[in-house]
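These notes are about the structure you will find just below.
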Amino acid sequence: MRKNYGPIYVAPIAFWLCAFLSVPLLITLSYSFLTKGLYGGVELKFSLAAYKSLLNTAVFKVLLNTIVIAVASTAIMVALALPTAYYIARSQVKNMLLMLIIIPFWTNFLIRIYAWIAILGSNGLLNNFLSAAGITDAPVQFLYNQYAIILVIIYTTIPFAIFPLYSTIEKFDFSLIEAAMDLGASKTVALWKIMIPNIRTGITTAVLFTFIPTFGNFAVPKLVGGTSSWMLGNLIERELNITRNWPLASSFSVVLTSVTMLAVLFFMRSQSKKEL
Amino acid sequence: MSKPGKFSLGVFFFVTLFLHIPLAILVITSFNSSKSMQWEGFSLKWYHELFFNSQPLWHSFSNSVIIALSSAIVATAIGSLGAIGLCWYNFRMKKALQTLTFFPIILPEIIIGVSILIFFNKIGLELSLLTVFLAHVTFNIPFVLMTVTARLEEFDYSIIEAAYDLGASEFDMLFRVLLPISMPGIVAGLLLAITLSLEDFVITFFVAGPGSSTLPLHIFSMIRFGVSPTINALSVVIIVGTALLALSTKNLYSSLLKR
């Protein structure tokens, strides 16, 4: 029999991912159970202090804010993406319409965030317009709140909802809708009762692909959020770089990872149920 | 065939405008002679500022290119070999390795950034271009693996068996059968890795040290100082640059597939 070269082929990837992924994640997990060191870093003394401070009101408020923003943005994105994807999938010029969605997505992520700062900022386009029209005397602060975060997250993330929905709707057999309509269903009822259950995979994928990057978002709340609208990502960064309480930063990271993993497991279970 | 209704047309139209208008505004105001967002006349001075008066920006851009090319090449080598091993061989702990490769795709970027920063601190590695490189290779590997695996799965393993039966050594098989077969997948993986590396902000934010700032990090620090027409001009250069790059790679890729 031939020699099994498998281990040789996978040796580099196994080594690299162990060294720069597994080990860092395990160190982070272990740091969350240790005591804060004096100048950053940790002391080797077991402690649950980091997890206890999750119950702290200020931290709890941030956690709640993160959940509200993630749920609201995900719901709006899927609600907008469903008709959009449906329209593209039913069009005669699918590829062209798909390109219209993809092209803005190519632009650098930070530039796409910046575009909204240029519009909504205190010396941005909207404020210039409002003061020129004599509607306002002083600049209105549109940025640095939850709504700005939700808006910009939708702007940067919505393609992740459109693409999976498009690919499942495109495969859906629309003669079923015609059959339902021949049997007397209105078009809306036919779409709702026949298409929606059939594209469930696409809907769950869209929810997962938008919820995870939103819940763990850091760049958007950092740039267009304010201190009253902090998300978990901001908190992790502050504990890591400014307060330098690494056990706390680690425990927040563990919470974020756990929520992400739960979302993925939930998704995988709903997929396997469908196959049964 | 039933046509999509007015409602879905309306939503599609709204979403498309929503995606394009902010970028269109950046393009228009980049030609504005005023420093504010108020239109005062056509001017190319912000482009002049960008190209001739922005040394730190171009320094960070060259860092970005160095990191993108080097990390993409290393990640492509490691990821392609891994794809061959995971696709066509069985070995102990295969399932565990497969699960591990999904982590960088699923986990929020901040988790990768934070944990790898804590790791570098633990082993006493100073933050520099090297740490940025190591982090970029790590998050790029799974994407290369995915792209190459997709290509390998299209092929029958019997092609490889035939090569062996005809007397090919493992070396011959790898360089004369497997690599030519998987080349479109490898090139696609390389291009994807370069793109992801050039784009990355969050992970780099945590692992970059003084002097190792990349273009996204530099844009970030410019944005924090507020609205500046130079960023508008840079945005236009990036928009045009990515469009040209995407078009040329699309042509390159389709010519590879035809071969």
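Here's how to read the names in the structure tokens: chain A, B, ... by the order shown, residue numbers from 1 in each chain, ligand numbers from 1 in the order shown.
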Extract, using only C-alpha atoms, all DNA, RNA and protein residues at most 8 Å from segment 126-133 of chain B, discarding same-chain residues fewer than 5 positions from it, and format them as number ranges by chain.
B: 63, 67, 70-71, 120-121, 204, 207-212
Produce a file of the selected residues containing N, CA and C atoms, as a PDB file, in the first residue's frame.
```
ATOM      1  N   ASN B  63       3.441  49.757   3.576  1.00  0.00           N
ATOM      2  CA  ASN B  63       3.328  48.692   4.585  1.00  0.00           C
ATOM      3  C   ASN B  63       2.211  47.727   4.222  1.00  0.00           C
ATOM      4  N   ILE B  67       2.666  43.731   3.559  1.00  0.00           N
ATOM      5  CA  ILE B  67       1.952  42.753   4.382  1.00  0.00           C
ATOM      6  C   ILE B  67       1.008  41.915   3.534  1.00  0.00           C
ATOM      7  N   SER B  70       3.131  39.429   1.219  1.00  0.00           N
ATOM      8  CA  SER B  70       3.852  38.380   1.949  1.00  0.00           C
ATOM      9  C   SER B  70       2.884  37.456   2.679  1.00  0.00           C
ATOM     10  N   SER B  71       1.879  38.019   3.366  1.00  0.00           N
ATOM     11  CA  SER B  71       0.980  37.148   4.127  1.00  0.00           C
ATOM     12  C   SER B  71       0.132  36.307   3.178  1.00  0.00           C
ATOM     13  N   PHE B 120       1.106  37.448  21.809  1.00  0.00           N
ATOM     14  CA  PHE B 120       2.383  38.109  21.510  1.00  0.00           C
ATOM     15  C   PHE B 120       2.985  38.711  22.771  1.00  0.00           C
ATOM     16  N   ASN B 121       2.122  39.282  23.608  1.00  0.00           N
ATOM     17  CA  ASN B 121       2.595  39.857  24.862  1.00  0.00           C
ATOM     18  C   ASN B 121       3.180  38.774  25.767  1.00  0.00           C
ATOM     19  N   THR B 204      -5.602  44.245  12.622  1.00  0.00           N
ATOM     20  CA  THR B 204      -4.370  45.037  12.539  1.00  0.00           C
ATOM     21  C   THR B 204      -4.328  46.100  13.630  1.00  0.00           C
ATOM     22  N   VAL B 207      -2.720  44.495  16.616  1.00  0.00           N
ATOM     23  CA  VAL B 207      -1.374  43.910  16.585  1.00  0.00           C
ATOM     24  C   VAL B 207      -0.314  44.798  15.926  1.00  0.00           C
ATOM     25  N   ALA B 208      -0.700  45.999  15.444  1.00  0.00           N
ATOM     26  CA  ALA B 208       0.299  46.867  14.820  1.00  0.00           C
ATOM     27  C   ALA B 208       1.011  47.691  15.885  1.00  0.00           C
ATOM     28  N   GLY B 209       2.318  47.852  15.721  1.00  0.00           N
ATOM     29  CA  GLY B 209       3.088  48.659  16.654  1.00  0.00           C
ATOM     30  C   GLY B 209       3.386  50.015  16.054  1.00  0.00           C
ATOM     31  N   PRO B 210       4.149  50.844  16.747  1.00  0.00           N
ATOM     32  CA  PRO B 210       4.519  52.148  16.187  1.00  0.00           C
ATOM     33  C   PRO B 210       5.315  51.954  14.894  1.00  0.00           C
ATOM     34  N   GLY B 211       4.954  52.703  13.848  1.00  0.00           N
ATOM     35  CA  GLY B 211       5.676  52.602  12.582  1.00  0.00           C
ATOM     36  C   GLY B 211       5.189  51.488  11.677  1.00  0.00           C
ATOM     37  N   SER B 212       4.331  50.584  12.205  1.00  0.00           N
ATOM     38  CA  SER B 212       3.867  49.501  11.349  1.00  0.00           C
ATOM     39  C   SER B 212       2.405  49.689  10.968  1.00  0.00           C
TER      40      SER B 212
END
```
Could you list, as a short mmCIF file (atom, residue, chain, number, x, y, z; two decimals) with C-alpha atoms, in the first residue's frame, every residue of chain B that has an atom within 7 Å of an atom of chain A, counting only C-alpha atoms?
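Wrote out_7.cif, looks like this:
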```
data_model
loop_
_atom_site.label_atom_id
_atom_site.label_comp_id
_atom_site.auth_asym_id
_atom_site.auth_seq_id
_atom_site.Cartn_x
_atom_site.Cartn_y
_atom_site.Cartn_z
CA PRO B 4 -41.95 40.70 -9.27
CA SER B 8 -40.04 44.49 -4.22
CA LEU B 9 -39.04 46.88 -7.01
CA VAL B 11 -37.33 48.12 -1.88
CA PHE B 12 -34.65 47.12 -4.40
CA THR B 16 -29.49 50.39 -4.31
CA LEU B 19 -25.71 51.84 -1.09
CA HIS B 20 -24.58 54.23 -3.85
CA PRO B 22 -22.96 58.10 0.12
CA LEU B 23 -20.12 57.02 -2.17
CA LEU B 26 -17.64 61.41 -1.63
CA SER B 36 -16.08 72.13 4.07
CA MET B 37 -18.82 70.06 2.49
CA GLN B 38 -20.29 73.26 0.96
CA ILE B 78 0.04 26.63 3.80
CA GLY B 79 -3.66 26.67 2.90
CA LEU B 81 -1.14 22.04 1.06
CA GLY B 82 -3.71 21.80 3.85
CA ILE B 84 -4.84 18.64 -0.43
CA GLY B 85 -4.32 16.84 2.88
CA TYR B 89 -6.29 11.87 2.97
CA ASN B 90 -7.42 10.47 6.27
CA PHE B 91 -5.44 10.87 9.46
CA LEU B 97 -8.34 20.27 12.47
CA LEU B 107 -15.28 34.38 15.20
CA PRO B 108 -15.63 38.18 15.31
CA ILE B 110 -11.91 41.52 17.55
CA ILE B 111 -11.58 38.10 19.24
CA SER B 115 -6.25 36.86 21.67
CA ILE B 116 -3.28 37.12 19.32
CA ILE B 118 -2.35 38.69 24.42
CA PHE B 119 -0.33 35.80 22.94
CA THR B 138 -3.53 33.32 10.44
CA GLU B 199 -9.03 45.49 3.82
CA VAL B 202 -9.83 45.44 13.31
CA PRO B 216 -6.70 51.19 6.90
CA PHE B 220 -8.75 55.44 10.74
CA ILE B 223 -11.13 59.98 10.15
CA VAL B 227 -13.94 65.33 7.79
CA SER B 235 -11.72 57.35 -1.39
CA ILE B 238 -9.49 53.54 -3.82
CA ILE B 239 -12.89 53.14 -5.51
CA THR B 242 -10.48 48.42 -6.70
#
```
DSSP on the backbone: what in segment 162-230 of chain A comes out alpha helix (DSSP H), as a PyMOL selection string?
chain A and resi 162-171+175-182+187-190+196-198+200-215+219-224
Within 10 Å of Gln146 of chain A, counting only C-alpha atoms, which residues show up once you throw out same-chain ones fewer than 6 positions away? Write them as a VMD selection string, please.
chain A and resid 65 to 66 68 to 69 221 224 to 226 228 to 231
If we count only C-alpha atoms, what is near segment 49-56 of chain B at a cut-off of 8 Å, once residues fewer than 4 positions away on the same chain are taken out, given as an MDAnalysis selection string?
chainID B and resid 45 60 230 233:234
If we count only C-alpha atoms and set the cut-off at 12 Å, which residues sit around Ser47 of chain A, ignoring sequence neighbours fewer than 3 positions away in its own chain? Please answer as an MDAnalysis selection string.
chainID A and resid 30:36 42:44 50:53 247:248 251
Please measure the separation of atom CA of Phe61 of chain B and atom CA of Leu215 of chain B, giving the value in Å to one decimal.
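About the pair atom CA of Phe61 of chain B and atom CA of Leu215 of chain B: they are 4.8 Å apart.
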What's around Ile105 of chain B at 10 Å? Count only C-alpha atoms, leave out sequence neighbours fewer than 3 positions away in its own chain, and write the answer as a compact mmCIF listing (two decimals) with N, CA and C atoms, in the first residue's frame.
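The new file part-v7.txt reads:
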```txt
# COMPACT_ATOMS: atom_id res chain seq x y z
N LEU B 100 -11.15 23.53 13.60
CA LEU B 100 -10.26 24.66 13.91
C LEU B 100 -10.18 25.65 12.74
N THR B 101 -10.20 25.10 11.50
CA THR B 101 -10.06 26.00 10.36
C THR B 101 -11.28 26.92 10.20
N PHE B 102 -12.41 26.55 10.79
CA PHE B 102 -13.59 27.41 10.68
C PHE B 102 -13.53 28.61 11.63
N PRO B 108 -15.79 36.76 15.61
CA PRO B 108 -15.63 38.18 15.31
C PRO B 108 -14.15 38.54 15.28
N GLU B 109 -13.80 39.47 14.37
CA GLU B 109 -12.40 39.82 14.19
C GLU B 109 -11.74 40.28 15.49
N PHE B 139 -5.41 34.74 9.75
CA PHE B 139 -6.82 34.86 9.34
C PHE B 139 -7.00 34.59 7.85
N ASN B 140 -5.93 34.61 7.07
CA ASN B 140 -6.05 34.33 5.63
C ASN B 140 -6.09 32.84 5.31
N ILE B 141 -5.41 32.01 6.12
CA ILE B 141 -5.31 30.58 5.81
C ILE B 141 -6.68 29.92 5.55
N PRO B 142 -7.67 30.10 6.44
CA PRO B 142 -8.94 29.40 6.21
C PRO B 142 -9.63 29.79 4.91
N PHE B 143 -9.46 31.05 4.49
CA PHE B 143 -10.12 31.48 3.25
C PHE B 143 -9.46 30.85 2.03
```
Report the distance between atom CA of Ile186 of chain B and atom CA of Ile66 of chain B in Å, rounded to one decimal place.
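About the pair atom CA of Ile186 of chain B and atom CA of Ile66 of chain B: they are 19.8 Å apart.
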Using DSSP on the backbone coordinates, identify the residues of segment 33-224 of chain A assigned to strand (DSSP E or B); present them as a list of chain:residue names.
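DSSP on the backbone gives strand (DSSP E or B) at A:Thr35, A:Lys36, A:Val42, A:Glu43.
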Take the residues that were just selected and, keeping C-alpha atoms, output them as a tab-separated table (two decimals), in the first residue's frame.
```tsv
chain	number	residue	atom	x	y	z
A	35	THR	CA	-6.11	38.28	38.74
A	36	LYS	CA	-5.25	41.60	37.15
A	42	VAL	CA	-1.95	39.09	34.94
A	43	GLU	CA	-1.00	37.54	38.25
```
Let me make sure I understand: among B:Gly167, B:Gly113, B:Gly124, B:Gly10, which one has the smallest atom-to-atom distance to His136 of chain B if we use only C-alpha atoms?
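With only C-alpha atoms as the atom set, the closest residue is B:Gly113.
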All residues 7 Å or closer to Ile194 of chain B, only C-alpha atoms, same chain fewer than 6 positions away omitted, as an mmCIF file with C-alpha atoms, in the first residue's frame:
```
data_model
loop_
_atom_site.group_PDB
_atom_site.id
_atom_site.type_symbol
_atom_site.label_atom_id
_atom_site.label_comp_id
_atom_site.auth_asym_id
_atom_site.auth_seq_id
_atom_site.Cartn_x
_atom_site.Cartn_y
_atom_site.Cartn_z
ATOM 1 C CA ALA B 68 -0.724 41.837 1.826
ATOM 2 C CA LEU B 69 1.708 40.203 -0.612
ATOM 3 C CA ALA B 72 -1.075 36.107 1.087
#
```
Residue nearest Phe163 of chain A - candidates A:Val140, A:Met77, A:Ile196, A:Val93, atoms counted: only C-alpha atoms:
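Among the listed residues, A:Met77 lies closest to Phe163 of chain A.
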